Every structure is written in C-alpha cells, then in structure tokens.
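Next up, my_file19.cif (mmCIF, C-alpha atoms):
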```cif
data_final
loop_
_atom_site.label_atom_id
_atom_site.label_comp_id
_atom_site.auth_asym_id
_atom_site.auth_seq_id
_atom_site.Cartn_x
_atom_site.Cartn_y
_atom_site.Cartn_z
CA MET A 574 59.40 108.12 96.51
CA GLU A 575 62.04 110.45 95.12
CA ARG A 576 65.48 109.92 96.64
CA PRO A 577 66.83 113.45 97.25
CA PHE A 578 69.87 112.55 99.32
CA PRO A 579 72.39 109.71 98.96
CA ILE A 580 72.32 108.53 102.58
CA GLY A 581 69.71 106.36 104.25
CA THR A 582 66.45 104.78 103.14
CA PRO A 583 63.77 107.16 101.81
CA GLY A 584 60.99 107.59 104.36
CA THR A 585 63.05 106.16 107.22
CA PRO A 586 64.77 108.44 109.77
CA TRP A 587 68.50 108.05 110.08
CA THR A 588 70.01 105.86 112.75
CA ALA A 589 73.43 106.37 114.29
CA ALA A 590 74.91 104.48 111.33
CA GLU A 591 73.59 106.95 108.74
CA LYS A 592 74.67 109.90 110.85
CA ARG A 593 78.15 108.40 111.02
CA GLU A 594 78.13 107.91 107.25
CA TRP A 595 77.18 111.57 106.85
CA PHE A 596 79.94 112.64 109.24
CA ASP A 597 82.57 110.54 107.44
CA LEU A 598 81.83 112.40 104.20
CA ARG A 599 82.68 115.79 105.73
CA THR A 600 86.07 117.30 104.89
CA ILE A 601 87.97 120.27 106.29
CA GLU A 602 87.66 123.14 103.81
CA ARG A 603 89.00 126.14 105.73
CA SER A 604 90.83 126.99 108.92
CA TYR A 605 89.10 128.14 112.09
CA ARG A 606 92.51 128.90 113.55
CA ASP A 607 93.62 131.11 110.66
CA GLU A 608 90.31 132.81 109.87
CA VAL A 609 88.83 133.25 113.35
CA LEU A 610 91.26 132.60 116.21
CA ALA A 611 94.03 134.62 114.58
CA LYS A 612 91.73 137.63 114.20
CA ILE A 613 90.69 137.38 117.82
CA ALA A 614 94.35 137.19 118.85
CA ASP A 615 95.06 140.36 116.87
CA LEU A 616 92.58 142.46 118.87
CA ASP A 617 94.24 145.08 121.02
CA ASP A 618 94.56 144.98 124.79
CA SER A 619 91.29 146.81 125.40
CA PHE A 620 89.47 143.57 124.60
CA GLU A 621 89.21 140.68 127.04
CA VAL A 622 89.34 137.26 125.38
CA ARG A 623 88.12 134.19 127.23
CA GLN A 624 87.64 130.55 126.33
CA TYR A 625 84.24 129.36 127.51
CA GLY A 626 84.50 125.76 126.35
CA SER A 627 85.68 123.50 123.54
CA LEU A 628 84.20 120.92 121.21
CA PRO A 629 84.86 117.33 122.32
CA ILE A 630 85.49 116.22 118.73
CA ASP A 631 88.88 118.01 119.06
CA ALA A 632 89.21 120.24 122.11
CA GLU A 633 92.55 121.71 121.06
CA ARG A 634 91.46 122.50 117.52
CA TYR A 635 88.05 123.90 118.48
CA PRO A 636 88.22 126.18 121.53
CA LEU A 637 85.06 128.24 121.99
CA MET A 638 85.97 131.88 122.35
CA ALA A 639 84.24 134.96 123.76
CA VAL A 640 85.37 138.56 123.36
CA THR A 641 84.36 141.24 125.85
CA LEU A 642 84.76 144.98 125.60
CA ARG A 643 83.79 146.73 128.79
CA SER A 644 82.39 150.23 128.72
CA SER A 645 84.04 153.21 130.33
CA ASN A 646 80.57 153.90 131.77
CA PRO A 647 79.81 151.58 134.72
CA ASP A 648 76.06 151.91 134.10
CA ALA A 649 76.21 151.09 130.39
CA PRO A 650 73.92 148.32 129.09
CA TRP A 651 75.18 145.04 127.63
CA ALA A 652 74.92 143.97 124.01
CA LEU A 653 75.38 140.37 122.86
CA ILE A 654 76.52 139.66 119.30
CA THR A 655 76.57 136.05 118.11
CA GLY A 656 77.79 134.56 114.84
CA GLY A 657 78.54 131.18 113.40
CA VAL A 658 75.67 129.32 115.04
CA HIS A 659 75.59 127.67 111.63
CA GLY A 660 79.24 127.29 110.78
CA TYR A 661 78.78 127.63 107.03
CA GLU A 662 77.37 131.15 107.37
CA THR A 663 80.57 133.04 106.69
CA SER A 664 79.35 136.62 106.94
CA GLY A 665 77.87 136.00 110.37
CA VAL A 666 81.28 135.00 111.71
CA GLN A 667 83.31 137.55 109.81
CA GLY A 668 80.75 140.30 110.33
CA ALA A 669 80.87 139.79 114.09
CA LEU A 670 84.66 139.90 114.01
CA GLU A 671 84.79 142.98 111.79
CA PHE A 672 82.29 144.90 113.89
CA THR A 673 84.24 144.02 117.01
CA ARG A 674 87.57 145.11 115.57
CA ALA A 675 86.53 148.22 113.69
CA HIS A 676 83.43 149.61 115.41
CA ALA A 677 82.88 148.33 118.93
CA PRO A 678 85.49 150.70 120.45
CA SER A 679 83.52 153.71 119.20
CA TYR A 680 80.59 152.64 121.41
CA ARG A 681 82.72 152.12 124.50
CA ASP A 682 81.30 155.05 126.45
CA ARG A 683 77.78 153.67 125.92
CA VAL A 684 77.81 149.85 125.71
CA ASN A 685 79.40 146.74 127.18
CA PHE A 686 79.93 144.10 124.51
CA LEU A 687 79.96 140.32 124.68
CA VAL A 688 80.76 138.79 121.28
CA LEU A 689 80.65 135.06 120.49
CA PRO A 690 81.85 135.22 116.89
CA CYS A 691 81.91 131.53 115.96
CA ILE A 692 79.65 129.30 118.02
CA SER A 693 80.13 126.28 115.72
CA PRO A 694 83.81 126.08 114.74
CA TRP A 695 83.67 122.52 113.39
CA GLY A 696 80.78 123.60 111.17
CA TYR A 697 82.87 126.59 110.10
CA GLU A 698 85.73 124.39 108.95
CA VAL A 699 83.59 121.87 107.06
CA ILE A 700 81.21 124.61 105.84
CA ASN A 701 78.09 122.91 107.14
CA ARG A 702 74.89 123.90 108.89
CA TRP A 703 74.94 120.93 111.26
CA ASN A 704 77.30 119.94 114.05
CA PRO A 705 79.27 116.63 114.01
CA ASN A 706 76.21 114.74 115.26
CA ALA A 707 73.96 115.94 112.39
CA ILE A 708 72.17 118.35 114.74
CA ASP A 709 71.21 121.89 113.78
CA PRO A 710 72.38 123.97 116.77
CA ASN A 711 69.86 126.70 115.99
CA ARG A 712 66.89 124.57 116.94
CA VAL A 713 68.16 123.34 120.30
CA PHE A 714 69.14 126.33 122.40
CA VAL A 715 67.33 124.65 125.28
CA ARG A 716 68.25 123.25 128.67
CA GLU A 717 70.10 119.93 128.42
CA SER A 718 70.65 120.67 124.74
CA PRO A 719 71.86 117.79 122.55
CA SER A 720 74.08 120.33 120.76
CA GLU A 721 77.43 120.79 122.48
CA GLU A 722 77.72 124.20 120.84
CA ALA A 723 74.38 125.46 122.17
CA ALA A 724 74.90 123.93 125.61
CA ALA A 725 78.26 125.67 125.99
CA VAL A 726 76.76 129.07 125.18
CA LEU A 727 73.89 128.61 127.63
CA ALA A 728 76.24 127.49 130.41
CA TYR A 729 78.49 130.49 129.81
CA LEU A 730 75.60 132.94 129.97
CA ASP A 731 74.39 131.28 133.17
CA GLU A 732 77.83 131.80 134.62
CA LEU A 733 78.00 135.48 133.63
CA ARG A 734 74.49 136.39 134.82
CA LEU A 735 74.34 139.47 132.60
CA SER A 736 71.27 141.44 131.61
CA PHE A 737 71.27 142.44 127.94
CA LEU A 738 69.63 145.35 126.18
CA VAL A 739 70.39 143.97 122.71
CA HIS A 740 71.08 140.57 121.17
CA MET A 741 71.90 140.39 117.46
CA ASP A 742 72.39 136.92 115.97
CA LEU A 743 74.07 137.10 112.57
CA HIS A 744 73.13 134.55 109.88
CA GLU A 745 73.11 134.11 106.12
CA THR A 746 71.36 131.81 103.64
CA THR A 747 73.28 130.23 100.76
CA ASP A 748 72.26 128.23 97.71
CA SER A 749 73.50 125.14 99.54
CA ASP A 750 70.41 125.37 101.76
CA GLU A 751 68.39 124.01 98.84
CA SER A 752 71.10 121.94 97.13
CA GLU A 753 72.32 120.17 100.27
CA PHE A 754 71.05 121.06 103.72
CA ARG A 755 67.27 120.87 103.32
CA PRO A 756 67.48 117.62 101.32
CA ALA A 757 69.78 116.25 104.03
CA GLN A 758 67.37 117.32 106.74
CA ALA A 759 64.46 115.63 104.99
CA ALA A 760 66.50 112.44 104.58
CA ARG A 761 67.65 112.51 108.21
CA ASP A 762 64.08 112.88 109.45
CA GLY A 763 62.55 110.33 107.05
CA GLN A 764 60.54 113.00 105.24
CA THR A 765 60.02 113.99 101.62
CA TYR A 766 62.07 116.97 100.49
CA GLU A 767 59.89 119.87 99.37
CA PRO A 768 61.88 122.46 97.39
CA GLY A 769 61.81 126.02 98.67
CA LEU A 770 62.95 129.45 97.53
CA ILE A 771 65.93 131.33 98.95
CA PRO A 772 65.18 135.04 99.49
CA ASP A 773 67.40 137.23 97.33
CA GLY A 774 68.58 139.91 99.70
CA PHE A 775 68.86 140.93 103.34
CA TYR A 776 66.05 140.46 105.85
CA THR A 777 65.59 140.20 109.60
CA VAL A 778 63.63 137.87 111.85
CA GLY A 779 62.03 139.40 114.91
CA ASP A 780 60.65 137.55 117.94
CA THR A 781 56.91 136.88 117.64
CA PRO A 782 56.17 137.66 121.34
CA ASN A 783 58.46 140.73 121.26
CA PRO A 784 58.79 141.85 117.63
CA GLN A 785 60.07 145.41 118.20
CA PRO A 786 59.11 146.54 114.68
CA GLU A 787 60.81 149.94 114.91
CA PHE A 788 64.06 148.22 115.88
CA GLN A 789 63.79 145.82 112.94
CA GLY A 790 62.99 148.73 110.64
CA ALA A 791 66.06 150.63 111.83
CA ILE A 792 68.23 147.64 110.94
CA ILE A 793 66.70 147.44 107.46
CA ALA A 794 67.30 151.17 106.94
CA SER A 795 70.92 150.85 108.04
CA VAL A 796 71.61 147.90 105.72
CA GLU A 797 69.83 149.19 102.62
CA PRO A 798 72.69 151.48 101.51
CA VAL A 799 74.96 148.41 101.57
CA THR A 800 72.84 145.72 99.92
CA HIS A 801 69.34 145.09 98.64
CA ILE A 802 66.46 144.05 100.87
CA ALA A 803 64.75 140.73 100.19
CA PRO A 804 61.33 141.15 98.56
CA ALA A 805 58.23 139.27 99.66
CA ASP A 806 57.04 136.43 97.45
CA GLN A 807 53.62 136.26 95.75
CA ALA A 808 52.02 135.23 99.06
CA ASP A 809 53.56 138.27 100.78
CA GLN A 810 55.87 135.97 102.70
CA ILE A 811 59.58 135.25 103.16
CA ILE A 812 60.50 131.58 103.77
CA GLY A 813 56.88 130.78 104.52
CA SER A 814 56.35 133.51 107.11
CA ASP A 815 54.22 136.62 106.68
CA VAL A 816 56.14 139.82 106.01
CA THR A 817 55.28 142.30 108.75
CA GLN A 818 57.11 145.17 107.08
CA ARG A 819 59.57 145.34 104.22
CA GLY A 820 62.35 142.81 104.86
CA VAL A 821 61.01 141.64 108.25
CA ILE A 822 59.34 138.43 109.40
CA ASN A 823 58.82 137.00 112.90
CA TYR A 824 59.52 133.64 114.53
CA PRO A 825 58.84 132.55 118.15
CA PHE A 826 62.48 132.41 119.22
CA VAL A 827 62.19 130.52 122.50
CA GLU A 828 59.55 128.08 121.26
CA LEU A 829 61.78 127.11 118.31
CA GLY A 830 64.98 126.88 120.36
CA LEU A 831 66.70 129.65 118.41
CA CYS A 832 69.88 131.38 119.52
CA ALA A 833 68.20 134.78 119.34
CA GLY A 834 65.95 133.71 122.22
CA ILE A 835 68.65 132.91 124.78
CA THR A 836 68.49 136.24 126.62
CA ASN A 837 65.74 138.45 127.96
CA ALA A 838 67.04 141.35 125.89
CA THR A 839 64.58 144.06 124.96
CA TYR A 840 65.84 144.19 121.39
CA THR A 841 66.55 140.92 119.59
CA THR A 842 66.91 139.95 115.96
CA THR A 843 68.26 137.34 113.60
CA THR A 844 69.84 138.77 110.46
CA GLU A 845 69.86 136.96 107.11
CA VAL A 846 71.78 137.87 103.98
CA TYR A 847 72.20 136.05 100.64
CA PRO A 848 75.85 135.81 99.52
CA ASP A 849 75.01 133.89 96.34
CA SER A 850 72.92 136.71 94.93
CA PRO A 851 74.19 138.11 91.60
CA ASN A 852 73.90 141.51 93.27
CA ALA A 853 76.07 140.70 96.29
CA THR A 854 79.56 139.52 97.17
CA PRO A 855 81.03 137.98 100.33
CA ALA A 856 82.52 141.37 101.18
CA ILE A 857 79.17 143.11 100.75
CA CYS A 858 77.52 140.55 103.02
CA ILE A 859 80.08 141.14 105.76
CA GLU A 860 79.57 144.88 105.40
CA ALA A 861 75.81 144.35 105.61
CA GLN A 862 76.17 142.44 108.89
CA VAL A 863 78.27 145.27 110.32
CA ALA A 864 75.69 147.83 109.19
CA ALA A 865 72.94 145.75 110.77
CA VAL A 866 74.69 145.67 114.13
CA ARG A 867 75.35 149.39 114.03
CA GLY A 868 71.80 150.23 113.03
CA GLY A 869 70.34 148.01 115.71
CA LEU A 870 72.63 149.31 118.42
CA ASP A 871 72.04 152.94 117.53
CA PHE A 872 68.28 152.46 117.71
CA ALA A 873 68.40 150.53 120.97
CA LEU A 874 70.64 153.08 122.65
CA ALA A 875 68.43 155.95 121.51
CA ASN A 876 65.31 154.20 122.83
CA GLN A 877 66.47 152.37 125.97
#
```

For this file, produce the structure as structure tokens.
Amino acid sequence: MERPFPIGTPGTPWTAAEKREWFDLRTIERSYRDEVLAKIADLDDSFEVRQYGSLPIDAERYPLMAVTLRSSNPDAPWALITGGVHGYETSGVQGALEFTRAHAPSYRDRVNFLVLPCISPWGYEVINRWNPNAIDPNRVFVRESPSEEAAAVLAYLDELRLSFLVHMDLHETTDSDESEFRPAQAARDGQTYEPGLIPDGFYTVGDTPNPQPEFQGAIIASVEPVTHIAPADQADQIIGSDVTQRGVINYPFVELGLCAGITNATYTTTTEVYPDSPNATPAICIEAQVAAVRGGLDFALANQ
C-alpha cells in the first residue's frame, strides 16, 4: 500500500498518539492578532464587537469574535457572513473583513449583519484545514460537536435566536488540499489516498434541499467580472458533484454537518475560489469574496 503521509501506519486509523504527532508538527506561520483582531478593532463605532468564546488551546491568544452592524430599519432582515471555518482559507477571512469594513455600512438601511470572520483562529495561524485535534470543523456543525470552533458558533446562535434571510459561508481551495490535507485525511482515517483535481476558478455550493438556483446564479454573475468561473470537468462535475448550472454544485448542508447549514436562512451558499490559479492572486480572491457577498445580498433583498 502506498504511504502518502508520514504519520501513522497505512490502512490503520490514527490514535491519539498519531494525532498528537500531527499537532506537534504544526508551527505558527502568521498572526491572528495582527491580521484579524487588529482589523476588527479598527472598525468604527457603528459596529458592535463581541467575544462569543475562545479556544481552550490558548484562550487569550484565540478569542472568538463576532461583529454586528444593526440596521437603521427595525424590520430589516438579518444576514450572516462566516469565514475562516477552515483557517487556511485566507480569502474567506479577509473577504469577510473587507466586506464588513468597506461595504456593510451601505446596506444599513436594509440589512442587519452578523459577521463571524474567523471561526478557526488556530487554523488561521498554522494555515491548516483542521483544528488542534485533527478535526475538520466543516463536517461537524452538529449538536455536541467534537469541534470547539463549531460548538461555539452553534451556542452563540442559540443564544441570539435570530432569524436569517441570508447566510454566506466564504471558503477557498488551495493546492495544499491535494499536497497535504487530503493525504492527511486518508492517513488519519486509515484509507488509501485517491488523488483529485482542484477546480481552477470560483464556484458556489448550494444546499441540495434548498438550492435557490437564481441566487447562486446571481453570485456567479457578480463574481465573474472579478475572476474566472470554474469549468466543469469531463464528467460535467466539480469535485465529484454534478454541475447544476455554470459554476454551481449542490451539497446537503445539514446532512454533511456543514457551516452553511446552521441557520434556516432562505438563501444559503458556500463560496469557493482558487488562489493558486495562474489567473488569480490573493487580492483577486478577496475581491471575489466581496463581490459574492454583494451579489448574493442584492439578489436576496430584491426577492425577499
């Protein structure tokens, strides 16, 4: 059996010892405080900033932060924007922050915003998909979640008891998905790694039970002037799922424990962009996330 990852015994799921070995190899590569918390602190007084939890690995270093911008209209709907569920996905975090800073105020007469810009701050600093316990938070947004990051979000939403019109969960896919994370996942689970293809471009994932195709299409149209849309492969699929329209696939959000399924919002989506494309840059990917949020919000508000 091919050995695709240097931890564990091929074909045997990891025990706590292998997970600890994996954790011990992680190193801090960037600063959550400088790149996320400082930008939140720089928001003006019209924003309300609240800590909704912290990560037990280092509660002082990793506070979990929420940003709220309340509408001037008491009857305005709520929109939830989440980023950094996977900490390595830079444009999700920075796109959520940039939309909040530069664009959310222009919607203030129409929308209440709740923004969770970096759900996995330890993952952000070590640039990794998993949390410290080798768990992918975006498969366990469920009650009694084993992911501290997911559990904190769910508890906070339970506390707030808000009803959302829109939830946009901002993600990206990097080359490291194939060079590191999927081989690691196969090793962790005692499986054989099967290479995959990373879509070159932007796409969205709708919810299978509630796909809202016009909403997804509006997001694609808004992003296309910024960056290219991922093409379907020879099987007319993206990452193994049938393309329902250009740049759109569907997943069952709740069934898979995905962040995009944590509300009963009418309009929900997961965005994906490819920063390692020769036709994109990190700045373009952040701009694409902002365009996606704007396109989705504009459609939802016009069709609520």

So which residues get picked by the PyMOL selection byres ((chain A and resi 788) around 12) here, written as number ranges by chain? A: 739-741, 777-780, 783-787, 789-795, 818, 821, 839-843, 865-877

List the neighbours of region 619-622 of chain A out to 10 Å using all atoms listed in the file; skip same-chain residues closer than 3 positions along the sequence, and give me the result as a list of chain:residue names.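 That gives A:Ile613, A:Ala614, A:Leu616, A:Tyr625, A:Met638, A:Ala639, A:Val640, A:Thr641, A:Leu642, A:Arg643, A:Thr673, A:Arg674, A:Ala677, A:Pro678, A:Phe686, A:Leu687, A:Val688.
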
Report as a ChimeraX atom specification the residues that result from applying the PyMOL selection byres ((chain A and resi 746-751) around 12) to the structure here. /A:577-578,659-665,700-703,743-745,752-759,766-777,803,812,843-851,853-855,858

Name the residues captured by the PyMOL selection byres ((chain A and resi 727) around 12) when it is applied to the shown file; answer as a PDB file with C-alpha atoms, in the coordinates of the input.
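Result file result-v1.pdb:
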```
ATOM      1  CA  TYR A 625      84.240 129.360 127.510  1.00  0.00           C
ATOM      2  CA  GLY A 626      84.500 125.760 126.350  1.00  0.00           C
ATOM      3  CA  LEU A 689      80.650 135.060 120.490  1.00  0.00           C
ATOM      4  CA  ILE A 692      79.650 129.300 118.020  1.00  0.00           C
ATOM      5  CA  PRO A 710      72.380 123.970 116.770  1.00  0.00           C
ATOM      6  CA  VAL A 713      68.160 123.340 120.300  1.00  0.00           C
ATOM      7  CA  PHE A 714      69.140 126.330 122.400  1.00  0.00           C
ATOM      8  CA  VAL A 715      67.330 124.650 125.280  1.00  0.00           C
ATOM      9  CA  ARG A 716      68.250 123.250 128.670  1.00  0.00           C
ATOM     10  CA  GLU A 717      70.100 119.930 128.420  1.00  0.00           C
ATOM     11  CA  SER A 718      70.650 120.670 124.740  1.00  0.00           C
ATOM     12  CA  SER A 720      74.080 120.330 120.760  1.00  0.00           C
ATOM     13  CA  GLU A 721      77.430 120.790 122.480  1.00  0.00           C
ATOM     14  CA  GLU A 722      77.720 124.200 120.840  1.00  0.00           C
ATOM     15  CA  ALA A 723      74.380 125.460 122.170  1.00  0.00           C
ATOM     16  CA  ALA A 724      74.900 123.930 125.610  1.00  0.00           C
ATOM     17  CA  ALA A 725      78.260 125.670 125.990  1.00  0.00           C
ATOM     18  CA  VAL A 726      76.760 129.070 125.180  1.00  0.00           C
ATOM     19  CA  ALA A 728      76.240 127.490 130.410  1.00  0.00           C
ATOM     20  CA  TYR A 729      78.490 130.490 129.810  1.00  0.00           C
ATOM     21  CA  LEU A 730      75.600 132.940 129.970  1.00  0.00           C
ATOM     22  CA  ASP A 731      74.390 131.280 133.170  1.00  0.00           C
ATOM     23  CA  GLU A 732      77.830 131.800 134.620  1.00  0.00           C
ATOM     24  CA  LEU A 733      78.000 135.480 133.630  1.00  0.00           C
ATOM     25  CA  ARG A 734      74.490 136.390 134.820  1.00  0.00           C
ATOM     26  CA  LEU A 735      74.340 139.470 132.600  1.00  0.00           C
ATOM     27  CA  GLY A 830      64.980 126.880 120.360  1.00  0.00           C
ATOM     28  CA  LEU A 831      66.700 129.650 118.410  1.00  0.00           C
ATOM     29  CA  CYS A 832      69.880 131.380 119.520  1.00  0.00           C
ATOM     30  CA  ALA A 833      68.200 134.780 119.340  1.00  0.00           C
ATOM     31  CA  GLY A 834      65.950 133.710 122.220  1.00  0.00           C
ATOM     32  CA  ILE A 835      68.650 132.910 124.780  1.00  0.00           C
ATOM     33  CA  THR A 836      68.490 136.240 126.620  1.00  0.00           C
TER      34      THR A 836
END
```

Please report the interatomic distance between CA of Asn685 (chain A) and CA of Glu633 (chain A) in Å with one decimal.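 These two atoms are separated by 28.9 Å.
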
Just give me the gap between CA of Arg634 (chain A) and CA of Trp595 (chain A) in Å, one decimal is fine.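 Separation of CA of Arg634 (chain A) and CA of Trp595 (chain A): 20.9 Å.
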
Have a look at A:Asp806, A:Asp762, A:Asp742, A:Glu797 and name the one nearest to Phe826 (chain A); count only C-alpha atoms.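 Using only C-alpha atoms, Phe826 (chain A) sits closest to A:Asp742.
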
Need to verify the contact set: Arg683 (chain A), 7 Å, all atoms listed in the file, exclusion of same-chain residues closer than 6 positions in sequence. Can you return it as a ChimeraX atom specification? /A:644,646,649

So which residues touch Ser736 (chain A) within 8 Å, counting all atoms listed in the file, skipping near sequence neighbours fewer than 4 positions away, as a ChimeraX atom specification? /A:650-651,836-838

For the selection just defined, write its residues with C-alpha atoms to a file, as a compact mmCIF listing (two decimals), in the coordinates of the input.
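Saved as again-v1.txt:
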```txt
# COMPACT_ATOMS: atom_id res chain seq x y z
CA PRO A 650 73.92 148.32 129.09
CA TRP A 651 75.18 145.04 127.63
CA THR A 836 68.49 136.24 126.62
CA ASN A 837 65.74 138.45 127.96
CA ALA A 838 67.04 141.35 125.89
```

Please complete region 778-811 of chain A with N, CA and C atoms and give it back as a tab-separated table (two decimals), in the frame of the given file.
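So result-v6.tsv came out as:
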```tsv
chain	number	residue	atom	x	y	z
A	778	VAL	N	64.66	138.65	111.18
A	778	VAL	CA	63.63	137.87	111.85
A	778	VAL	C	63.49	138.42	113.26
A	779	GLY	N	62.31	138.94	113.57
A	779	GLY	CA	62.03	139.40	114.91
A	779	GLY	C	61.39	138.29	115.73
A	780	ASP	N	61.23	138.52	117.02
A	780	ASP	CA	60.65	137.55	117.94
A	780	ASP	C	59.14	137.76	118.00
A	781	THR	N	58.37	136.73	117.69
A	781	THR	CA	56.91	136.88	117.64
A	781	THR	C	56.34	137.50	118.92
A	782	PRO	N	56.74	137.04	120.12
A	782	PRO	CA	56.17	137.66	121.34
A	782	PRO	C	56.70	139.07	121.62
A	783	ASN	N	57.82	139.43	121.00
A	783	ASN	CA	58.46	140.73	121.26
A	783	ASN	C	59.08	141.25	119.96
A	784	PRO	N	58.26	141.61	118.98
A	784	PRO	CA	58.79	141.85	117.63
A	784	PRO	C	59.61	143.13	117.48
A	785	GLN	N	59.34	144.15	118.29
A	785	GLN	CA	60.07	145.41	118.20
A	785	GLN	C	60.19	145.89	116.74
A	786	PRO	N	59.07	146.21	116.10
A	786	PRO	CA	59.11	146.54	114.68
A	786	PRO	C	59.96	147.76	114.34
A	787	GLU	N	59.99	148.76	115.21
A	787	GLU	CA	60.81	149.94	114.91
A	787	GLU	C	62.30	149.58	114.92
A	788	PHE	N	62.68	148.71	115.82
A	788	PHE	CA	64.06	148.22	115.88
A	788	PHE	C	64.41	147.47	114.60
A	789	GLN	N	63.54	146.56	114.18
A	789	GLN	CA	63.79	145.82	112.94
A	789	GLN	C	63.87	146.79	111.75
A	790	GLY	N	62.98	147.76	111.73
A	790	GLY	CA	62.99	148.73	110.64
A	790	GLY	C	64.27	149.55	110.60
A	791	ALA	N	64.80	149.87	111.78
A	791	ALA	CA	66.06	150.63	111.83
A	791	ALA	C	67.21	149.81	111.26
A	792	ILE	N	67.20	148.50	111.51
A	792	ILE	CA	68.23	147.64	110.94
A	792	ILE	C	68.13	147.62	109.42
A	793	ILE	N	66.91	147.45	108.91
A	793	ILE	CA	66.70	147.44	107.46
A	793	ILE	C	67.21	148.75	106.85
A	794	ALA	N	66.87	149.87	107.47
A	794	ALA	CA	67.30	151.17	106.94
A	794	ALA	C	68.81	151.31	106.95
A	795	SER	N	69.46	150.76	107.96
A	795	SER	CA	70.92	150.85	108.04
A	795	SER	C	71.60	149.98	106.99
A	796	VAL	N	71.00	148.84	106.67
A	796	VAL	CA	71.61	147.90	105.72
A	796	VAL	C	71.34	148.29	104.27
A	797	GLU	N	70.23	148.94	104.01
A	797	GLU	CA	69.83	149.19	102.62
A	797	GLU	C	70.87	149.93	101.78
A	798	PRO	N	71.64	150.87	102.33
A	798	PRO	CA	72.69	151.48	101.51
A	798	PRO	C	73.81	150.51	101.12
A	799	VAL	N	73.89	149.38	101.81
A	799	VAL	CA	74.96	148.41	101.57
A	799	VAL	C	74.53	147.33	100.59
A	800	THR	N	73.32	146.80	100.78
A	800	THR	CA	72.84	145.72	99.92
A	800	THR	C	71.33	145.77	99.86
A	801	HIS	N	70.78	145.04	98.89
A	801	HIS	CA	69.34	145.09	98.64
A	801	HIS	C	68.57	144.29	99.69
A	802	ILE	N	67.33	144.68	99.90
A	802	ILE	CA	66.46	144.05	100.87
A	802	ILE	C	65.62	142.98	100.16
A	803	ALA	N	65.48	141.84	100.80
A	803	ALA	CA	64.75	140.73	100.19
A	803	ALA	C	63.28	141.10	99.99
A	804	PRO	N	62.75	140.87	98.79
A	804	PRO	CA	61.33	141.15	98.56
A	804	PRO	C	60.46	140.01	99.08
A	805	ALA	N	59.20	140.31	99.33
A	805	ALA	CA	58.23	139.27	99.66
A	805	ALA	C	57.89	138.47	98.40
A	806	ASP	N	57.46	137.24	98.59
A	806	ASP	CA	57.04	136.43	97.45
A	806	ASP	C	55.58	136.75	97.11
A	807	GLN	N	54.98	135.97	96.21
A	807	GLN	CA	53.62	136.26	95.75
A	807	GLN	C	52.59	136.13	96.87
A	808	ALA	N	52.92	135.38	97.91
A	808	ALA	CA	52.02	135.23	99.06
A	808	ALA	C	52.30	136.27	100.14
A	809	ASP	N	53.15	137.25	99.82
A	809	ASP	CA	53.56	138.27	100.78
A	809	ASP	C	54.26	137.64	101.98
A	810	GLN	N	55.12	136.67	101.67
A	810	GLN	CA	55.87	135.97	102.70
A	810	GLN	C	57.35	135.92	102.33
A	811	ILE	N	58.17	135.62	103.33
A	811	ILE	CA	59.58	135.25	103.16
A	811	ILE	C	59.76	133.94	103.92
```
